[in-house]
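**Q** This is model-v7.pdb (PDB, C-alpha atoms, pLDDT in the B column).
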ATOM      1  CA  MET A  11     216.238 118.745  14.146  1.00 52.00           C
ATOM      2  CA  SER A  12     216.205 119.327  17.879  1.00 53.00           C
ATOM      3  CA  ASN A  13     217.696 122.156  19.839  1.00 55.00           C
ATOM      4  CA  PRO A  14     220.074 121.184  22.688  1.00 74.00           C
ATOM      5  CA  ILE A  15     218.477 123.920  24.816  1.00 88.00           C
ATOM      6  CA  SER A  16     214.724 123.479  24.816  1.00 94.00           C
ATOM      7  CA  LEU A  17     212.666 126.448  26.004  1.00 97.00           C
ATOM      8  CA  SER A  18     208.980 126.757  26.832  1.00 98.00           C
ATOM      9  CA  TYR A  19     206.946 129.511  25.196  1.00 98.00           C
ATOM     10  CA  CYS A  20     203.782 131.517  25.681  1.00 98.00           C
ATOM     11  CA  LEU A  21     202.548 133.354  22.593  1.00 98.00           C
ATOM     12  CA  LEU A  22     200.299 136.378  23.030  1.00 98.00           C
ATOM     13  CA  ILE A  23     198.333 136.943  19.836  1.00 97.00           C
ATOM     14  CA  THR A  24     196.604 140.321  19.550  1.00 96.00           C
ATOM     15  CA  GLY A  25     196.087 140.444  15.785  1.00 94.00           C
ATOM     16  CA  PRO A  26     192.926 139.243  14.038  1.00 93.00           C
ATOM     17  CA  ALA A  27     192.790 135.934  12.215  1.00 90.00           C
ATOM     18  CA  TYR A  28     192.295 137.679   8.881  1.00 87.00           C
ATOM     19  CA  GLY A  29     193.201 141.101   7.529  1.00 80.00           C
ATOM     20  CA  THR A  30     196.715 141.460   8.949  1.00 85.00           C
ATOM     21  CA  GLN A  31     199.826 139.306   9.145  1.00 88.00           C
ATOM     22  CA  GLN A  32     200.126 139.266  12.969  1.00 88.00           C
ATOM     23  CA  ALA A  33     198.249 136.022  13.626  1.00 89.00           C
ATOM     24  CA  ALA A  34     199.697 134.289  10.569  1.00 91.00           C
ATOM     25  CA  SER A  35     203.201 135.278  11.699  1.00 94.00           C
ATOM     26  CA  ALA A  36     202.450 133.933  15.176  1.00 96.00           C
ATOM     27  CA  TYR A  37     201.323 130.644  13.651  1.00 97.00           C
ATOM     28  CA  GLN A  38     204.462 130.378  11.507  1.00 97.00           C
ATOM     29  CA  PHE A  39     206.621 131.193  14.543  1.00 98.00           C
ATOM     30  CA  ALA A  40     204.839 128.529  16.608  1.00 98.00           C
ATOM     31  CA  LYS A  41     205.443 125.908  13.921  1.00 98.00           C
ATOM     32  CA  ALA A  42     209.116 126.887  13.684  1.00 97.00           C
ATOM     33  CA  LEU A  43     209.768 126.773  17.416  1.00 97.00           C
ATOM     34  CA  LEU A  44     208.154 123.330  17.647  1.00 98.00           C
ATOM     35  CA  ALA A  45     210.282 122.150  14.710  1.00 97.00           C
ATOM     36  CA  GLN A  46     213.366 123.324  16.633  1.00 96.00           C
ATOM     37  CA  GLY A  47     212.428 121.193  19.637  1.00 96.00           C
ATOM     38  CA  HIS A  48     211.007 123.911  21.869  1.00 98.00           C
ATOM     39  CA  ARG A  49     207.759 123.549  23.823  1.00 97.00           C
ATOM     40  CA  LEU A  50     204.707 125.657  23.150  1.00 98.00           C
ATOM     41  CA  LYS A  51     202.829 125.737  26.433  1.00 98.00           C
ATOM     42  CA  THR A  52     200.222 128.464  25.961  1.00 98.00           C
ATOM     43  CA  LEU A  53     198.579 130.487  23.231  1.00 98.00           C
ATOM     44  CA  PHE A  54     196.713 133.468  24.620  1.00 98.00           C
ATOM     45  CA  PHE A  55     194.455 135.417  22.257  1.00 98.00           C
ATOM     46  CA  TYR A  56     193.709 138.993  23.301  1.00 98.00           C
ATOM     47  CA  ARG A  57     192.127 142.102  21.777  1.00 97.00           C
ATOM     48  CA  GLU A  58     191.420 141.468  18.073  1.00 96.00           C
ATOM     49  CA  GLY A  59     193.255 138.161  18.418  1.00 96.00           C
ATOM     50  CA  VAL A  60     190.121 136.565  19.871  1.00 97.00           C
ATOM     51  CA  SER A  61     188.780 136.331  16.296  1.00 96.00           C
ATOM     52  CA  ASN A  62     191.175 133.392  15.897  1.00 97.00           C
ATOM     53  CA  ALA A  63     188.706 131.384  18.025  1.00 98.00           C
ATOM     54  CA  ASN A  64     185.543 132.200  16.066  1.00 97.00           C
ATOM     55  CA  LEU A  65     183.871 128.976  14.960  1.00 96.00           C
ATOM     56  CA  LEU A  66     181.858 130.935  12.392  1.00 94.00           C
ATOM     57  CA  ALA A  67     184.904 132.266  10.517  1.00 91.00           C
ATOM     58  CA  SER A  68     184.576 131.025   6.945  1.00 90.00           C
ATOM     59  CA  PRO A  69     187.582 131.861   4.771  1.00 91.00           C
ATOM     60  CA  ALA A  70     187.280 131.301   1.032  1.00 91.00           C
ATOM     61  CA  THR A  71     188.272 127.839  -0.163  1.00 91.00           C
ATOM     62  CA  ASP A  72     191.510 129.205  -1.627  1.00 91.00           C
ATOM     63  CA  GLU A  73     192.492 130.904   1.658  1.00 90.00           C
ATOM     64  CA  PHE A  74     194.359 129.415   4.607  1.00 92.00           C
ATOM     65  CA  ASN A  75     191.999 128.487   7.458  1.00 94.00           C
ATOM     66  CA  LEU A  76     193.877 129.893  10.434  1.00 95.00           C
ATOM     67  CA  VAL A  77     191.246 128.900  12.998  1.00 96.00           C
ATOM     68  CA  ALA A  78     191.522 125.248  11.929  1.00 96.00           C
ATOM     69  CA  ALA A  79     195.319 125.544  11.807  1.00 97.00           C
ATOM     70  CA  TRP A  80     195.454 126.732  15.440  1.00 98.00           C
ATOM     71  CA  GLN A  81     193.224 123.818  16.452  1.00 98.00           C
ATOM     72  CA  GLU A  82     195.461 121.306  14.701  1.00 98.00           C
ATOM     73  CA  LEU A  83     198.623 122.846  16.144  1.00 98.00           C
ATOM     74  CA  ALA A  84     197.228 122.720  19.684  1.00 98.00           C
ATOM     75  CA  GLU A  85     196.124 119.129  19.264  1.00 97.00           C
ATOM     76  CA  GLN A  86     199.539 118.062  17.969  1.00 97.00           C
ATOM     77  CA  SER A  87     201.620 120.060  20.458  1.00 97.00           C
ATOM     78  CA  GLY A  88     199.424 119.762  23.557  1.00 97.00           C
ATOM     79  CA  CYS A  89     199.435 123.516  24.162  1.00 98.00           C
ATOM     80  CA  GLU A  90     196.514 125.313  25.762  1.00 98.00           C
ATOM     81  CA  MET A  91     194.578 127.945  23.794  1.00 98.00           C
ATOM     82  CA  HIS A  92     193.078 130.666  25.962  1.00 98.00           C
ATOM     83  CA  ILE A  93     191.059 133.642  24.811  1.00 98.00           C
ATOM     84  CA  CYS A  94     190.385 136.694  26.942  1.00 98.00           C
ATOM     85  CA  VAL A  95     186.760 136.466  28.015  1.00 97.00           C
ATOM     86  CA  SER A  96     186.255 140.244  28.151  1.00 97.00           C
ATOM     87  CA  ALA A  97     187.748 140.827  24.708  1.00 98.00           C
ATOM     88  CA  ALA A  98     185.752 137.903  23.313  1.00 97.00           C
ATOM     89  CA  LEU A  99     182.416 139.075  24.703  1.00 96.00           C
ATOM     90  CA  ARG A 100     183.001 142.583  23.317  1.00 96.00           C
ATOM     91  CA  ARG A 101     183.527 141.037  19.887  1.00 96.00           C
ATOM     92  CA  GLY A 102     180.617 138.601  19.994  1.00 95.00           C
ATOM     93  CA  ILE A 103     182.511 135.383  20.675  1.00 97.00           C
ATOM     94  CA  VAL A 104     180.806 133.236  23.297  1.00 97.00           C
ATOM     95  CA  ASP A 105     181.076 129.705  24.627  1.00 97.00           C
ATOM     96  CA  GLN A 106     178.056 127.550  25.448  1.00 95.00           C
ATOM     97  CA  GLU A 107     177.857 128.804  29.025  1.00 94.00           C
ATOM     98  CA  GLN A 108     177.952 132.463  27.969  1.00 93.00           C
ATOM     99  CA  ALA A 109     175.410 131.876  25.187  1.00 95.00           C
ATOM    100  CA  GLN A 110     172.958 130.379  27.683  1.00 94.00           C
ATOM    101  CA  SER A 111     173.624 133.091  30.254  1.00 94.00           C
ATOM    102  CA  LEU A 112     173.051 135.854  27.688  1.00 92.00           C
ATOM    103  CA  SER A 113     170.093 134.079  26.002  1.00 93.00           C
ATOM    104  CA  LEU A 114     171.922 133.912  22.691  1.00 92.00           C
ATOM    105  CA  PRO A 115     170.847 131.372  20.063  1.00 92.00           C
ATOM    106  CA  VAL A 116     174.301 129.907  19.433  1.00 93.00           C
ATOM    107  CA  ALA A 117     177.792 129.609  20.886  1.00 96.00           C
ATOM    108  CA  ASN A 118     180.604 130.328  18.438  1.00 97.00           C
ATOM    109  CA  LEU A 119     183.777 129.484  20.366  1.00 98.00           C
ATOM    110  CA  ALA A 120     185.743 127.018  18.261  1.00 98.00           C
ATOM    111  CA  LYS A 121     186.660 123.650  19.734  1.00 97.00           C
ATOM    112  CA  GLY A 122     189.905 123.577  21.693  1.00 98.00           C
ATOM    113  CA  PHE A 123     189.790 127.222  22.772  1.00 98.00           C
ATOM    114  CA  MET A 124     188.832 128.193  26.315  1.00 98.00           C
ATOM    115  CA  MET A 125     187.584 131.429  27.811  1.00 98.00           C
ATOM    116  CA  SER A 126     190.030 132.784  30.390  1.00 97.00           C
ATOM    117  CA  GLY A 127     190.907 135.910  32.265  1.00 96.00           C
ATOM    118  CA  LEU A 128     194.153 137.821  32.210  1.00 96.00           C
ATOM    119  CA  GLY A 129     195.197 135.813  35.261  1.00 96.00           C
ATOM    120  CA  SER A 130     195.743 132.854  32.933  1.00 97.00           C
ATOM    121  CA  LEU A 131     198.052 134.984  30.818  1.00 98.00           C
ATOM    122  CA  ALA A 132     199.983 136.099  33.909  1.00 98.00           C
ATOM    123  CA  GLU A 133     200.342 132.486  35.047  1.00 97.00           C
ATOM    124  CA  ALA A 134     201.542 131.407  31.597  1.00 97.00           C
ATOM    125  CA  MET A 135     204.088 134.214  31.538  1.00 97.00           C
ATOM    126  CA  MET A 136     205.414 133.193  34.958  1.00 97.00           C
ATOM    127  CA  THR A 137     205.683 129.495  34.092  1.00 97.00           C
ATOM    128  CA  THR A 138     207.358 129.707  30.680  1.00 98.00           C
ATOM    129  CA  ASP A 139     210.835 130.712  29.624  1.00 98.00           C
ATOM    130  CA  ARG A 140     209.718 133.177  26.949  1.00 98.00           C
ATOM    131  CA  THR A 141     206.602 135.201  26.111  1.00 98.00           C
ATOM    132  CA  ILE A 142     206.331 136.674  22.662  1.00 98.00           C
ATOM    133  CA  GLN A 143     203.605 139.041  21.473  1.00 97.00           C
ATOM    134  CA  PHE A 144     202.267 139.193  17.935  1.00 95.00           C
TER     135      PHE A 144
END
Represent the structure from my file as structure tokens, please.

**A**
Amino acid sequence: MSNPISLSYCLLITGPAYGTQQAASAYQFAKALLAQGHRLKTLFFYREGVSNANLLASPATDEFNLVAAWQELAEQSGCEMHICVSAALRRGIVDQEQAQSLSLPVANLAKGFMMSGLGSLAEAMMTTDRTIQF
């Protein structure tokens, strides 16, 4: 079912991948807006939301894997997934470049996510019709 008025969205996710409903609600909202024919342009993970990009997250086999779900959603919809570099570094999430720079043994930024600054969030907010925070 498509919506006659298609809008573009930026979702700002500040809740952790596990432990609260914020990120799961954001994921369900994203799926619903895509099903209605809207465009999801940007996902921006900030504060505790950066845990949604942790490659080392290992939910139990009977739990929903939200990190993998975000990756699949981005691949299917073509949206960009940004995580705040400052918030990520404070919480121990690093990409390959940061791991090398900080002499860390491993990078743990999941595939499909990219480190960004708040400027990327500002740009996404200015170039989409709606921004919604979870």

**Q** On this structure, which residues satisfy the PyMOL selection byres ((chain A and resi 122-125) around 7), written as a list in words?

**A**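 The output of the PyMOL selection byres ((chain A and resi 122-125) around 7) on this file is Ala63, Gln81, Met91, His92, Ile93, Cys94, Val95, Leu119, Ala120, Lys121 and Ser126 of chain A.
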
**Q** Pick the closest to Leu99 in chain A from A:Phe144, A:Tyr37, A:Tyr19, A:Tyr56: which is it, counting all atoms listed in the file?

**A**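 Nearest candidate to Leu99 in chain A out of A:Phe144, A:Tyr37, A:Tyr19, A:Tyr56: A:Tyr56.
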
**Q** Interatomic distance between CA of Ile15 in chain A and CA of Ala134 in chain A?

**A**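 Between CA of Ile15 in chain A and CA of Ala134 in chain A the gap works out to 19.7 Å.
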
**Q** Expressed in Å to a single decimal, how great is the separation between CA of Phe54 in chain A and CA of Thr24 in chain A?

**A**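 According to the coordinates, CA of Phe54 in chain A and CA of Thr24 in chain A are separated by 8.5 Å.
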
**Q** Name all residues at most 7 Å from Ile142 in chain A (count only C-alpha atoms; drop same-chain ones fewer than 3 positions away) and give them as a list of chain:residue names.

**A**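 Non-adjacent residues within range: A:Cys20, A:Leu21, A:Leu22.
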
**Q** Quick one, how far is CA of Ala97 in chain A from CA of Met136 in chain A?

**A**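 For CA of Ala97 in chain A relative to CA of Met136 in chain A, the distance reads 21.8 Å.
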
**Q** Restricting the calculation to all atoms listed in the file: of A:Ser16, A:Thr71, A:Cys89, A:Ile103, which residue gets closest to Glu58 in chain A?

**A**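 Smallest distance to Glu58 in chain A is found for A:Ile103.
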
**Q** With the PyMOL selection byres ((chain A and resi 33) around 9) as the selection, what would be picked from this file? Answer as a list in words, please.

**A** Ile23, Thr24, Gly25, Pro26, Ala27, Tyr28, Thr30, Gln31, Gln32, Ala34, Ser35, Ala36, Tyr37, Gln38, Gly59, Asn62, Leu76 and Phe144 of chain A
